[in-house]
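Enquirer: There's a structure below that I have some questions on.
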Amino acid sequence: MTDSGKDRFPARSGKLDLPRAAPDGEGEAITGIPFSREIGMRLHQAGDGVAVVSVPYDERLIGDPETGVLHGGVVTALLDTACGWAVMAAPAKLKSTATLDLRIDYMRPATAGEAVFARAECYRLTRSIGFARAVAYTSDPSDPVATAQGAFILDRVEGKSRP
């Protein structure tokens with residue numbers, strides 16, 4: 001983490017102060033989460049309960065050397081992180097969130113040599129839990145690598161009521 005603050009996992013209000021970018025843009029490096037930083041995750045969009053996150057193709061992350069396909073754990077981490085960002089980007093005053101439950105359905109291997117993207121949406125907030133769903137894909141969101149649905153505990157900013 002750096003001292004600039006923008007490299008930290010933001011926990012301010014519903015809108016995150018980050019640039020919006022299309023999934024083919026470079027995005028913002030996620031450096032506040034050590035594993036995300038290590039595998040090169042990038043945040044492309046976060047606001048209004050939606051987040052788009054990617055992980056670049058990297059030979060260090062290959063799960064099957066014969067096919068060159070990324071390890072399933074990388075896709076899991078990507079979906080979990082995207083869902084967490086979507087919850088943090090929901091219109092609520094949150095300090096942090098943590099995964100309570102995450103279900104992932106794998107549909108196909110990620111395309112070897114290509115970055116994997118995840119688009120997540122926070123679709124419900126209660127006083128203490130946020131619910132999100134996501135899809136991971138390489139070039140086409142309608143041809144998913146995997147989908148996810150999860151529940152995340154909310155740590156709200158003191159004195160702030162339910163949205």
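Every chain in the structure tokens takes a letter, A first, then B, and so on in the order presented; its residues are numbered from 1, and the ligands are numbered from 1 following the presented order.
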Name the residues of range 3-155 of chain A that come out as strand (DSSP E or B) in a backbone DSSP run; write them as a PyMOL selection string.

Expert: chain A and resi 28-29+42-47+50-55+62-64+69-70+94-106+116-125+129-137+146-155

Enquirer: Which of chain A end up as alpha helix (DSSP H) when DSSP is run on this backbone - answer as a PyMOL selection string?

Expert: chain A and resi 34-39+72-88

Enquirer: Between CA of Ala134 in chain A and CA of Ala146 in chain A, measure the distance and give it in Å to one decimal.

Expert: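 CA of Ala146 in chain A lies 8.4 Å from CA of Ala134 in chain A.
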
Enquirer: Write out as a PyMOL selection string which residues come within 9 Å of Ala86 in chain A when counting only C-alpha atoms, dropping same-chain ones fewer than 3 positions away.

Expert: chain A and resi 46-52+81-83+89-90+119-122+132-133

Enquirer: Give the answer as one residue: which of A:Pro109, A:Gly150, A:Gly130, A:Gly27 has the shortest atom-to-atom distance to Pro91 in chain A, using only C-alpha atoms?

Expert: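 Looking only at the distances to Pro91 in chain A, the closest residue turns out to be A:Gly130.
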
Enquirer: Please report the interatomic distance between CA of Thr99 in chain A and CA of Ala118 in chain A in Å with one decimal.

Expert: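 Here the two named atoms are 16.5 Å from each other.
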
Enquirer: Measure the distance from CA of Asp64 in chain A to CA of Thr111 in chain A in Å and round it to one decimal.

Expert: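 According to the coordinates, CA of Asp64 in chain A and CA of Thr111 in chain A are separated by 12.0 Å.
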
Enquirer: Between A:Ala148, A:Ala92, A:Ala112, A:Leu125, which is the closest to Pro65 in chain A once you count only C-alpha atoms?

Expert: A:Ala112

Enquirer: Excluding same-chain residues fewer than 4 positions from Tyr137 in chain A, what lies within 8 Å of it counting only C-alpha atoms, as a list in words?

Expert: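 The residues that qualify are Ala110, Val116, Phe117, Ala118, Pro141, Ser142, Asp143, Pro144, Val145 and Ala146 of chain A.
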
Enquirer: Can you pull out the residues contacting Thr97 in chain A? Cut-off 7 Å, using only C-alpha atoms, and skip same-chain residues under 3 positions away; I want them as a PyMOL selection string.

Expert: chain A and resi 84+152-155

Enquirer: Which residue is closest to Val69 in chain A? Choose from A:Ala29, A:Arg156, A:Trp85, A:Tyr57 and count only C-alpha atoms.

Expert: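 Among the listed residues, the smallest separation from Val69 in chain A belongs to A:Tyr57.
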